[in-house]
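Chemist: Next up, structure-v5.cif (mmCIF, C-alpha atoms).
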```cif
data_coords
#
loop_
_atom_site.label_atom_id
_atom_site.label_comp_id
_atom_site.auth_asym_id
_atom_site.auth_seq_id
_atom_site.Cartn_x
_atom_site.Cartn_y
_atom_site.Cartn_z
CA MET A 53 178.28 21.18 168.37
CA SER A 54 177.48 21.90 164.74
CA GLY A 55 180.62 19.93 163.79
CA SER A 56 179.39 16.82 165.51
CA ILE A 57 175.93 17.23 163.95
CA ALA A 58 177.46 17.56 160.51
CA ARG A 59 179.64 14.54 161.20
CA ARG A 60 176.59 12.43 162.17
CA TYR A 61 174.74 13.34 158.98
CA ALA A 62 177.88 12.77 156.92
CA LYS A 63 178.28 9.31 158.36
CA ALA A 64 174.63 8.57 157.62
CA ILE A 65 174.86 9.57 153.97
CA ILE A 66 178.16 7.70 153.65
CA ALA A 67 176.48 4.55 154.89
CA VAL A 68 173.70 4.90 152.33
CA ALA A 69 176.17 5.75 149.55
CA GLN A 70 178.31 2.73 150.44
CA GLU A 71 175.26 0.49 150.14
CA GLN A 72 174.67 1.84 146.66
CA ASP A 73 178.39 1.88 145.88
CA ALA A 74 178.10 5.57 145.03
CA LEU A 75 180.60 7.22 147.36
CA GLU A 76 182.28 9.28 144.63
CA GLN A 77 179.06 10.30 142.95
CA THR A 78 177.51 11.29 146.24
CA GLY A 79 180.66 13.22 147.08
CA ASP A 80 180.43 15.11 143.78
CA GLU A 81 176.80 16.00 144.42
CA LEU A 82 177.63 17.13 147.95
CA ARG A 83 180.38 19.37 146.58
CA VAL A 84 177.85 21.00 144.27
CA LEU A 85 175.43 21.44 147.15
CA ARG A 86 178.25 22.84 149.27
CA ALA A 87 179.06 25.47 146.65
CA LEU A 88 175.40 26.39 146.51
CA ALA A 89 174.98 26.57 150.29
CA ALA A 90 178.14 28.65 150.67
CA ASP A 91 176.43 31.50 148.83
CA PRO A 92 175.41 34.02 151.52
CA GLN A 93 171.90 34.64 150.22
CA ILE A 94 171.12 30.95 149.82
CA ALA A 95 172.69 30.21 153.21
CA GLN A 96 170.40 32.84 154.74
CA ALA A 97 167.35 31.25 153.08
CA LEU A 98 168.34 27.77 154.25
CA ALA A 99 168.81 28.97 157.83
CA ASN A 100 165.60 31.04 157.87
CA PRO A 101 163.70 30.00 161.05
CA MET A 102 160.46 31.47 159.69
CA LEU A 103 160.17 28.74 157.07
CA THR A 104 157.56 26.12 157.88
CA ALA A 105 158.29 22.41 157.46
CA PRO A 106 156.38 22.13 154.15
CA ALA A 107 158.11 25.25 152.85
CA ARG A 108 161.51 23.85 153.79
CA ARG A 109 160.68 20.56 152.10
CA ARG A 110 159.54 22.36 148.98
CA LEU A 111 162.78 24.33 148.98
CA ALA A 112 164.87 21.17 149.31
CA LEU A 113 163.02 19.43 146.53
CA ALA A 114 163.33 22.49 144.30
CA ILE A 115 167.08 22.48 144.80
CA ALA A 116 167.25 18.76 144.07
CA GLU A 117 165.18 19.21 140.92
CA ARG A 118 167.27 22.14 139.74
CA LEU A 119 170.54 20.22 140.31
CA THR A 120 169.05 16.95 139.00
CA LEU A 121 170.24 15.10 142.05
CA ARG A 122 169.82 11.38 142.44
CA PRO A 123 166.98 10.11 144.68
CA ILE A 124 169.40 9.31 147.48
CA MET A 125 170.45 12.94 147.66
CA ARG A 126 166.90 14.18 147.20
CA ASN A 127 165.81 12.10 150.16
CA PHE A 128 168.79 13.29 152.15
CA LEU A 129 167.86 16.91 151.49
CA ALA A 130 164.27 16.14 152.55
CA VAL A 131 165.54 14.69 155.82
CA LEU A 132 167.69 17.76 156.42
CA ALA A 133 164.69 20.00 155.68
CA ASN A 134 162.47 18.09 158.08
CA ASN A 135 165.11 18.27 160.81
CA ARG A 136 165.88 21.97 160.21
CA ARG A 137 169.46 21.07 159.23
CA LEU A 138 169.66 22.58 155.76
CA ASP A 139 172.03 25.19 157.14
CA GLN A 140 174.50 22.36 157.95
CA LEU A 141 175.09 21.47 154.29
CA VAL A 142 178.55 23.01 154.11
CA GLY A 143 179.75 21.21 157.22
CA ILE A 144 178.21 17.93 156.11
CA ALA A 145 179.95 18.13 152.72
CA ASP A 146 183.31 18.85 154.39
CA GLN A 147 182.90 16.01 156.87
CA TYR A 148 181.81 13.65 154.09
CA GLN A 149 184.90 14.43 152.07
CA LYS A 150 187.18 14.08 155.09
CA ILE A 151 185.68 10.77 156.16
CA VAL A 152 185.59 9.30 152.66
CA ASP A 153 189.16 10.42 152.00
CA ALA A 154 190.23 8.74 155.20
CA MET A 155 188.31 5.59 154.28
CA LEU A 156 189.90 5.48 150.82
CA GLY A 157 193.40 6.45 151.96
CA ARG A 158 193.38 9.80 150.23
CA VAL A 159 194.63 13.25 151.19
CA ARG A 160 193.70 16.49 149.53
CA ALA A 161 196.24 19.17 148.79
CA THR A 162 196.06 22.66 147.41
CA LEU A 163 198.91 23.61 145.10
CA SER A 164 199.47 27.29 144.35
CA SER A 165 201.95 28.49 141.74
CA ALA A 166 202.70 31.70 139.89
CA ALA A 167 202.00 29.97 136.57
CA PRO A 168 200.23 26.69 135.76
CA LEU A 169 202.47 23.69 136.21
CA SER A 170 203.12 21.32 133.38
CA PRO A 171 201.74 17.78 133.80
CA GLU A 172 205.25 16.52 134.45
CA GLN A 173 205.85 19.10 137.13
CA LEU A 174 202.49 18.38 138.71
CA ASP A 175 203.14 14.63 138.66
CA ALA A 176 206.51 15.15 140.27
CA VAL A 177 205.00 17.23 143.04
CA VAL A 178 202.10 14.81 143.60
CA ALA A 179 204.44 11.84 143.65
CA GLU A 180 206.60 13.48 146.26
CA LEU A 181 203.56 14.43 148.34
CA ALA A 182 202.26 10.84 148.13
CA ARG A 183 205.64 9.63 149.29
CA GLN A 184 205.62 12.09 152.16
CA THR A 185 202.07 11.34 153.32
CA GLY A 186 201.88 7.67 152.36
CA ARG A 187 198.45 8.28 150.83
CA THR A 188 196.92 9.08 147.51
CA VAL A 189 197.08 12.83 146.95
CA LEU A 190 194.24 14.67 145.29
CA VAL A 191 195.59 18.04 144.22
CA GLU A 192 193.60 21.14 143.56
CA GLN A 193 195.73 23.51 141.52
CA GLN A 194 195.53 27.30 141.84
CA VAL A 195 197.41 30.05 140.03
CA ASP A 196 198.60 33.01 142.08
CA PRO A 197 200.82 35.49 140.22
CA GLN A 198 201.66 37.17 143.54
CA LEU A 199 203.93 34.25 144.30
CA LEU A 200 206.30 35.49 141.53
CA GLY A 201 207.64 31.97 141.12
CA GLY A 202 207.87 28.58 142.82
CA VAL A 203 205.14 26.58 144.52
CA ILE A 204 203.15 26.51 147.78
CA VAL A 205 201.45 23.26 148.75
CA ASP A 206 198.95 22.95 151.61
CA VAL A 207 198.30 19.36 152.68
CA GLU A 208 195.63 19.34 155.39
CA GLY A 209 197.14 22.35 157.06
CA LYS A 210 200.77 21.42 156.57
CA VAL A 211 202.32 24.01 154.22
CA TYR A 212 205.33 23.48 151.95
CA ASP A 213 206.41 26.93 150.79
CA GLY A 214 208.81 27.15 147.89
CA SER A 215 207.59 30.45 146.48
CA VAL A 216 209.92 33.21 145.30
CA ARG A 217 207.84 35.78 147.14
CA THR A 218 208.39 34.06 150.49
CA GLN A 219 212.11 33.69 149.85
CA LEU A 220 212.45 37.36 148.94
CA LYS A 221 210.56 38.36 152.06
CA ALA A 222 212.79 36.16 154.19
CA LEU A 223 215.79 37.83 152.63
CA ALA A 224 214.34 41.30 153.26
CA THR A 225 213.55 40.37 156.83
CA SER A 226 217.14 39.28 157.28
CA ILE A 227 218.31 42.63 155.89
CA ALA A 228 215.96 44.40 158.25
CA GLY A 229 217.63 42.71 161.20
CA GLY A 230 214.85 40.31 162.00
CA ARG A 231 212.00 42.81 161.77
CA SER A 232 209.13 41.25 159.86
CA LEU A 233 208.16 43.02 156.65
CA LEU A 234 205.03 40.97 156.07
CA MET B 178 185.58 117.88 298.51
CA GLU B 179 184.06 119.61 295.59
CA THR B 180 187.38 119.58 293.74
CA GLY B 181 187.86 115.91 294.52
CA GLN B 182 184.37 115.06 293.27
CA GLN B 183 185.00 117.06 290.11
CA SER B 184 188.30 115.25 289.49
CA PHE B 185 186.62 111.89 290.05
CA SER B 186 183.83 112.79 287.65
CA ALA B 187 186.35 113.89 285.06
CA MET B 188 188.20 110.67 285.48
CA GLN B 189 184.99 108.64 285.12
CA ARG B 190 184.01 110.52 281.98
CA ALA B 191 187.43 109.86 280.53
CA THR B 192 187.05 106.23 281.46
CA PHE B 193 183.64 105.94 279.88
CA ARG B 194 184.92 107.70 276.77
CA VAL B 195 187.74 105.22 276.47
CA MET B 196 185.35 102.36 277.20
CA LYS B 197 183.01 103.57 274.49
CA THR B 198 185.62 104.00 271.81
CA GLY B 199 188.19 101.34 272.73
CA ALA B 200 188.16 97.62 272.37
CA ALA B 201 186.93 95.30 275.11
CA TRP B 202 190.55 94.56 276.07
CA GLY B 203 191.25 98.28 276.32
CA ARG B 204 188.22 98.85 278.47
CA THR B 205 189.21 96.05 280.80
CA VAL B 206 192.81 97.29 281.18
CA LEU B 207 191.63 100.81 281.72
CA MET B 208 189.20 99.76 284.39
CA LEU B 209 191.81 97.61 286.09
CA THR B 210 194.18 100.54 286.21
CA LEU B 211 191.80 103.40 286.94
CA LEU B 212 189.29 101.93 289.35
CA PRO B 213 191.73 101.16 292.21
CA ALA B 214 193.22 104.58 291.67
CA ALA B 215 189.76 106.14 291.78
CA ALA B 216 188.92 104.23 294.94
CA SER B 217 192.14 105.30 296.59
CA PHE B 218 191.58 108.83 295.49
CA ALA B 219 188.05 108.81 296.90
CA ALA B 220 189.29 107.36 300.18
CA GLU B 221 191.94 109.93 300.49
CA THR B 222 189.46 112.66 299.71
CA GLN B 223 187.15 111.32 302.38
CA GLU B 224 189.91 111.31 304.95
CA HIS B 225 190.98 114.75 303.99
CA HIS B 226 187.54 116.21 304.50
CA GLY B 227 186.90 114.63 307.84
CA GLY B 228 185.87 111.19 306.85
CA ALA B 229 186.51 109.96 310.41
CA HIS B 230 182.87 110.56 311.11
CA GLY B 231 181.36 108.35 308.39
CA ALA B 232 181.67 104.65 307.48
CA PRO B 233 184.10 103.75 304.58
CA TRP B 234 181.21 102.63 302.45
CA LEU B 235 182.55 104.11 299.26
CA LYS B 236 185.87 102.36 299.64
CA LEU B 237 184.06 99.17 300.38
CA LEU B 238 181.87 99.60 297.38
CA LEU B 239 184.76 100.34 295.11
CA SER B 240 186.71 97.37 296.44
CA ALA B 241 183.71 95.14 295.83
CA ILE B 242 183.38 96.46 292.31
CA ASN B 243 187.10 96.00 291.81
CA LEU B 244 186.85 92.41 292.99
CA LEU B 245 183.89 91.72 290.73
CA ILE B 246 185.75 93.09 287.73
CA PHE B 247 188.78 91.04 288.63
CA LEU B 248 186.65 87.90 288.95
CA ALA B 249 184.93 88.68 285.66
CA ILE B 250 188.30 88.97 283.92
CA VAL B 251 189.55 85.79 285.53
CA ARG B 252 186.39 84.01 284.49
CA ARG B 253 186.58 85.46 281.03
CA TYR B 254 190.16 84.50 280.24
CA LEU B 255 191.12 81.73 282.64
CA GLY B 256 187.77 80.07 283.13
CA PRO B 257 188.10 77.30 280.54
CA PHE B 258 191.63 76.54 281.65
CA ILE B 259 190.60 76.32 285.25
CA VAL B 260 187.67 74.11 284.38
CA GLN B 261 189.98 71.79 282.43
CA LEU B 262 192.47 71.86 285.27
CA PHE B 263 189.89 70.78 287.77
CA GLU B 264 188.52 68.14 285.42
CA GLY B 265 192.05 66.74 284.91
CA GLN B 266 192.13 67.54 281.20
CA ALA B 267 194.61 70.35 281.26
CA MET B 268 198.28 69.64 280.91
CA PRO B 269 200.36 70.30 284.04
CA PHE B 270 202.68 73.24 283.68
CA THR B 271 205.90 71.24 283.88
CA GLU B 272 204.52 68.82 281.40
CA TRP B 273 203.55 71.72 279.24
CA LEU B 274 207.04 73.09 279.48
CA ARG B 275 208.52 69.75 278.49
CA PHE B 276 206.06 69.57 275.68
CA ARG B 277 207.04 73.01 274.52
CA ARG B 278 210.75 72.11 274.78
CA ARG B 279 210.17 68.93 272.78
CA ARG B 280 208.24 70.80 270.16
CA ILE B 281 210.96 73.39 269.89
CA ALA B 282 213.59 70.63 269.66
CA ASP B 283 211.52 68.85 267.00
CA ALA B 284 211.11 72.08 265.10
CA LEU B 285 214.84 72.66 265.28
CA ALA B 286 215.53 69.11 264.13
CA GLU B 287 213.00 69.54 261.32
CA ALA B 288 214.62 72.79 260.32
CA ASP B 289 218.02 71.11 260.39
CA ARG B 290 216.74 68.25 258.26
CA ALA B 291 215.14 70.70 255.85
CA LYS B 292 218.39 72.57 255.68
CA ARG B 293 220.28 69.39 254.92
CA GLU B 294 217.77 68.43 252.27
CA ALA B 295 218.01 71.88 250.75
CA GLU B 296 221.78 71.59 250.69
CA ALA B 297 221.56 68.14 249.14
CA LEU B 298 219.09 69.45 246.61
CA ARG B 299 221.31 72.36 245.87
CA ALA B 300 224.27 70.02 245.44
CA GLU B 301 222.19 67.75 243.20
CA TRP B 302 221.15 70.66 241.05
CA GLN B 303 224.67 71.91 240.98
CA ARG B 304 225.78 68.49 239.80
CA ARG B 305 223.01 68.43 237.25
CA ILE B 306 223.90 71.86 235.97
CA GLU B 307 227.51 70.80 235.65
CA GLN B 308 226.41 67.56 233.95
CA LEU B 309 224.03 69.50 231.74
CA GLY B 310 226.96 71.20 230.15
CA VAL B 311 228.51 67.83 229.39
CA GLU B 312 225.24 66.49 228.09
CA LEU B 313 224.71 69.57 225.97
CA GLU B 314 228.15 69.14 224.53
CA ALA B 315 227.44 65.47 223.79
CA MET B 316 224.11 66.36 222.24
CA LEU B 317 225.72 68.99 220.08
CA LYS B 318 228.38 66.51 219.05
CA GLN B 319 225.73 63.89 218.23
CA ALA B 320 223.65 66.46 216.35
CA ARG B 321 226.67 67.47 214.29
CA ALA B 322 227.41 63.83 213.56
CA ASP B 323 223.76 63.19 212.60
CA ILE B 324 223.73 66.22 210.34
CA ALA B 325 226.94 65.11 208.70
CA ALA B 326 225.61 61.57 208.21
CA GLU B 327 222.34 62.87 206.81
CA ARG B 328 224.19 65.19 204.50
CA ASP B 329 226.29 62.29 203.30
CA GLN B 330 223.16 60.19 202.76
CA ILE B 331 221.47 62.98 200.82
CA LEU B 332 224.55 63.49 198.71
CA ALA B 333 224.84 59.76 198.07
CA ALA B 334 221.15 59.56 197.13
CA ALA B 335 221.54 62.56 194.85
CA ARG B 336 224.57 60.95 193.23
CA ARG B 337 222.65 57.72 192.74
CA ALA B 338 219.68 59.59 191.29
CA ALA B 339 221.96 61.52 188.95
CA GLU B 340 223.65 58.30 187.91
CA ALA B 341 220.28 56.65 187.29
CA ILE B 342 219.11 59.64 185.24
CA ARG B 343 222.33 59.53 183.25
CA ARG B 344 221.96 55.80 182.63
CA ASP B 345 218.32 56.25 181.62
CA ALA B 346 219.25 59.03 179.26
CA GLU B 347 221.99 56.88 177.74
CA ARG B 348 219.63 53.95 177.45
CA THR B 349 216.95 56.12 175.88
CA ALA B 350 219.43 57.55 173.44
CA GLU B 351 220.71 54.07 172.60
CA ASN B 352 217.16 52.82 172.12
CA GLU B 353 216.31 55.74 169.87
CA ILE B 354 219.45 55.20 167.85
CA ARG B 355 218.72 51.49 167.61
CA SER B 356 215.11 52.16 166.67
CA ALA B 357 216.18 54.63 164.02
CA GLN B 358 218.69 52.14 162.68
CA GLU B 359 216.09 49.39 162.59
CA THR B 360 213.57 51.65 160.91
CA LEU B 361 216.14 52.67 158.35
CA ARG B 362 217.15 49.07 157.78
CA ALA B 363 213.51 48.03 157.44
CA GLU B 364 212.87 50.77 154.91
CA VAL B 365 215.91 49.72 152.94
CA ALA B 366 214.78 46.09 153.08
CA ALA B 367 211.23 47.01 152.04
CA GLN B 368 212.54 48.98 149.10
CA ALA B 369 214.89 46.15 148.15
CA LEU B 370 211.98 43.73 148.35
CA ALA B 371 209.81 45.92 146.16
CA ILE B 372 212.60 46.20 143.61
CA ALA B 373 213.25 42.47 143.67
CA GLU B 374 209.56 41.66 143.21
CA ARG B 375 209.32 44.05 140.27
CA LEU B 376 212.40 42.56 138.67
CA ALA B 377 211.19 39.03 139.32
CA THR B 378 207.88 39.76 137.68
CA GLN B 379 209.65 41.21 134.68
CA ARG B 380 212.48 38.76 134.28
CA LEU B 381 211.46 35.32 135.54
CA THR B 382 210.90 32.92 132.66
CA ALA B 383 209.25 29.52 132.19
CA ALA B 384 212.66 27.97 132.57
CA ASP B 385 213.05 29.72 135.92
CA GLN B 386 209.64 28.40 136.98
CA GLN B 387 210.72 24.90 135.95
CA ARG B 388 213.86 25.31 138.00
CA PHE B 389 211.91 26.54 141.03
CA VAL B 390 209.54 23.56 140.93
CA THR B 391 212.44 21.14 140.54
CA GLU B 392 214.20 22.75 143.44
CA PHE B 393 210.96 22.60 145.49
CA VAL B 394 210.62 18.87 144.84
CA ARG B 395 214.25 18.34 145.83
CA GLN B 396 213.75 20.22 149.06
CA MET B 397 210.70 18.09 149.83
CA GLU B 398 212.72 15.01 149.16
CA ARG B 399 215.34 16.19 151.60
CA GLN B 400 212.77 16.65 154.36
#
```
What is this file in structure tokens?

Modeler:
Amino acid sequence: MSGSIARRYAKAIIAVAQEQDALEQTGDELRVLRALAADPQIAQALANPMLTAPARRRLALAIAERLTLRPIMRNFLAVLANNRRLDQLVGIADQYQKIVDAMLGRVRATLSSAAPLSPEQLDAVVAELARQTGRTVLVEQQVDPQLLGGVIVDVEGKVYDGSVRTQLKALATSIAGGRSLL
Amino acid sequence: METGQQSFSAMQRATFRVMKTGAAWGRTVLMLTLLPAAASFAAETQEHHGGAHGAPWLKLLLSAINLLIFLAIVRRYLGPFIVQLFEGQAMPFTEWLRFRRRRIADALAEADRAKREAEALRAEWQRRIEQLGVELEAMLKQARADIAAERDQILAAARRAAEAIRRDAERTAENEIRSAQETLRAEVAAQALAIAERLATQRLTAADQQRFVTEFVRQMERQ
């Protein structure tokens, strides 16, 4: 239910952003708003049913002022406040990104490694992912020393695991006779 | 005369005493036997004392009394029969005799039939008693066979139960051994993993990381 609501609002803001040729900029601002709305205290304030319509509007405009958002986003926040949909900001941002990525032929991937990859290594991985998916790959890189070595890539839920930790655990599981050690 | 009168009076007193104490049948028999004798005795006494001069009124009286008693007895005991006889309801004597003979013959035949039935019954019971021995023997034989079969069944069930218990015990022991082996193997693997992770953290270099990424890309290419 909330997914479809978020999707409707995402499509609406995409249409406005396309008219202004500001898809990327709008996406960046939505990411900032998403990070803000993901905070538990702010999420609680945005979802507070005791807030009156003027109070909600004032809150939305205060956020827009603080983040120096463009008018398009300020108006969008005002619409969400009027419609009591400020609590849907996270879902709207996710849907916006997913729809825009699909429109632009992009796929987002999360790359985790024990140590930061060199640009050459990262390019090699991205190139291979683009070949596999047939789309432009936008990689978000994370460092996780627990992996010990190697790389784990998550492309829209599909995981490529080349980490040393996983290989060692597979080996230990084999020693244990199939009993999982995870 | 005086002696005769005294004897008669004594006889009458005896008669009345008997009549008072005896049953009606006794009184009747006594009167039938004593009154004619008393009348005869009185007549004789009269003749003996010159009775030729007087009328035989006493004898006549006694005879009349005797006749009345006789008629009373006849009326008492034969009256109904006589009435039936005159009304045509009583059975003629010959017919009665034939009836009696037939009844006796029927009774004899009935007794004979009862005797035959008793003999047949006795023979039947004799046969049953003899057969009872055979049946008892058969029942005993069957009971022994049943007991033996039941014993065999119980023994077979006990053997099966013992076998099942033995198999369960073996299975339990095997499972416990297997579980212990798996636990031991898992502990060994966990310790090996911990050691390997510690060594990897200590010894993996940037060159190793480069090699891992290269190998990862190759594996993706192979997919």

Chemist: So how far away is atom CA of B:Arg375 from atom CA of B:Phe389, in Å?

Modeler: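 Distance reported for this atom pair: 17.7 Å.
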
Chemist: Would you pick out the contacts of stretch 140-152 of chain A at 12 Å or less, using all atoms listed in the file, so that residues sharing its chain but fewer than 3 positions from it are not included, and give the list as an MDAnalysis selection string?

Modeler: chainID A and resid 53:67 69:70 74:92 94:96 98:99 112 125 128:129 131:133 135:137 155:160 190 208

Chemist: Expand the PyMOL selection byres ((chain A) within 12 of (chain B)) into the explicit residue set it covers here, and present it as JSON, numbers by chain.

Modeler: {"A": [163, 164, 165, 166, 167, 168, 169, 170, 171, 172, 173, 174, 175, 176, 177, 178, 179, 180, 181, 182, 183, 184, 185, 197, 198, 199, 200, 201, 202, 203, 204, 205, 211, 212, 213, 214, 215, 216, 217, 218, 219, 220, 221, 222, 223, 224, 225, 226, 227, 228, 229, 230, 231, 232, 233, 234]}

Chemist: Between atom CA of B:Phe247 and atom CA of B:Leu274, what is the distance, to one decimal in Å?

Modeler: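 Those two atoms sit 27.2 Å apart.
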
Chemist: Which distance in Å separates atom CA of A:Ala97 and atom CA of A:Leu138, to one decimal?

Modeler: 9.4 Å

Chemist: Can you sort out stretch 319-328 of chain B so it carries all heavy atoms, written as an mmCIF file, keeping the file's coordinate frame?

Modeler:
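Resulting contents of result02.cif:
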```cif
data_model
loop_
_atom_site.group_PDB
_atom_site.id
_atom_site.type_symbol
_atom_site.label_atom_id
_atom_site.label_comp_id
_atom_site.auth_asym_id
_atom_site.auth_seq_id
_atom_site.Cartn_x
_atom_site.Cartn_y
_atom_site.Cartn_z
ATOM 1 N N GLN B 319 226.564 64.882 218.904
ATOM 2 C CA GLN B 319 225.730 63.890 218.230
ATOM 3 C C GLN B 319 224.944 64.541 217.083
ATOM 4 O O GLN B 319 224.804 63.963 215.994
ATOM 5 C CB GLN B 319 224.760 63.259 219.233
ATOM 6 C CG GLN B 319 223.889 62.171 218.654
ATOM 7 C CD GLN B 319 224.697 60.987 218.147
ATOM 8 O OE1 GLN B 319 225.682 60.596 218.788
ATOM 9 N NE2 GLN B 319 224.335 60.457 216.993
ATOM 10 N N ALA B 320 224.422 65.757 217.384
ATOM 11 C CA ALA B 320 223.650 66.460 216.350
ATOM 12 C C ALA B 320 224.525 66.770 215.146
ATOM 13 O O ALA B 320 224.102 66.594 213.996
ATOM 14 C CB ALA B 320 223.067 67.741 216.924
ATOM 15 N N ARG B 321 225.764 67.193 215.424
ATOM 16 C CA ARG B 321 226.670 67.470 214.290
ATOM 17 C C ARG B 321 226.939 66.201 213.491
ATOM 18 O O ARG B 321 226.959 66.210 212.257
ATOM 19 C CB ARG B 321 227.983 68.049 214.820
ATOM 20 C CG ARG B 321 227.854 69.468 215.334
ATOM 21 C CD ARG B 321 229.226 70.101 215.575
ATOM 22 N NE ARG B 321 229.103 71.285 216.412
ATOM 23 C CZ ARG B 321 229.364 71.316 217.704
ATOM 24 N NH1 ARG B 321 229.794 70.221 218.330
ATOM 25 N NH2 ARG B 321 229.221 72.423 218.403
ATOM 26 N N ALA B 322 227.147 65.099 214.248
ATOM 27 C CA ALA B 322 227.410 63.830 213.560
ATOM 28 C C ALA B 322 226.196 63.403 212.732
ATOM 29 O O ALA B 322 226.328 62.945 211.584
ATOM 30 C CB ALA B 322 227.755 62.743 214.582
ATOM 31 N N ASP B 323 224.983 63.557 213.323
ATOM 32 C CA ASP B 323 223.760 63.190 212.600
ATOM 33 C C ASP B 323 223.607 64.033 211.336
ATOM 34 O O ASP B 323 223.256 63.526 210.260
ATOM 35 C CB ASP B 323 222.538 63.377 213.490
ATOM 36 C CG ASP B 323 222.510 62.338 214.598
ATOM 37 O OD1 ASP B 323 223.276 61.355 214.502
ATOM 38 O OD2 ASP B 323 221.754 62.539 215.568
ATOM 39 N N ILE B 324 223.855 65.320 211.498
ATOM 40 C CA ILE B 324 223.730 66.220 210.340
ATOM 41 C C ILE B 324 224.712 65.821 209.247
ATOM 42 O O ILE B 324 224.382 65.768 208.058
ATOM 43 C CB ILE B 324 223.947 67.678 210.775
ATOM 44 C CG1 ILE B 324 222.752 68.139 211.623
ATOM 45 C CG2 ILE B 324 224.126 68.588 209.574
ATOM 46 C CD1 ILE B 324 222.992 69.437 212.333
ATOM 47 N N ALA B 325 225.939 65.506 209.684
ATOM 48 C CA ALA B 325 226.940 65.110 208.700
ATOM 49 C C ALA B 325 226.537 63.822 207.995
ATOM 50 O O ALA B 325 226.649 63.695 206.767
ATOM 51 C CB ALA B 325 228.298 64.949 209.388
ATOM 52 N N ALA B 326 226.025 62.853 208.807
ATOM 53 C CA ALA B 326 225.610 61.570 208.210
ATOM 54 C C ALA B 326 224.455 61.786 207.240
ATOM 55 O O ALA B 326 224.436 61.216 206.140
ATOM 56 C CB ALA B 326 225.207 60.599 209.317
ATOM 57 N N GLU B 327 223.496 62.614 207.677
ATOM 58 C CA GLU B 327 222.340 62.870 206.810
ATOM 59 C C GLU B 327 222.769 63.577 205.520
ATOM 60 O O GLU B 327 222.285 63.273 204.426
ATOM 61 C CB GLU B 327 221.324 63.721 207.561
ATOM 62 C CG GLU B 327 219.985 63.771 206.868
ATOM 63 C CD GLU B 327 218.917 64.401 207.741
ATOM 64 O OE1 GLU B 327 219.211 64.704 208.918
ATOM 65 O OE2 GLU B 327 217.810 64.583 207.249
ATOM 66 N N ARG B 328 223.687 64.501 205.698
ATOM 67 C CA ARG B 328 224.190 65.190 204.500
ATOM 68 C C ARG B 328 224.842 64.194 203.547
ATOM 69 O O ARG B 328 224.622 64.221 202.338
ATOM 70 C CB ARG B 328 225.205 66.251 204.955
ATOM 71 C CG ARG B 328 225.753 67.093 203.815
ATOM 72 C CD ARG B 328 227.021 67.801 204.251
ATOM 73 N NE ARG B 328 228.028 66.848 204.646
ATOM 74 C CZ ARG B 328 228.989 67.088 205.539
ATOM 75 N NH1 ARG B 328 229.052 68.239 206.144
ATOM 76 N NH2 ARG B 328 229.886 66.162 205.838
#
```
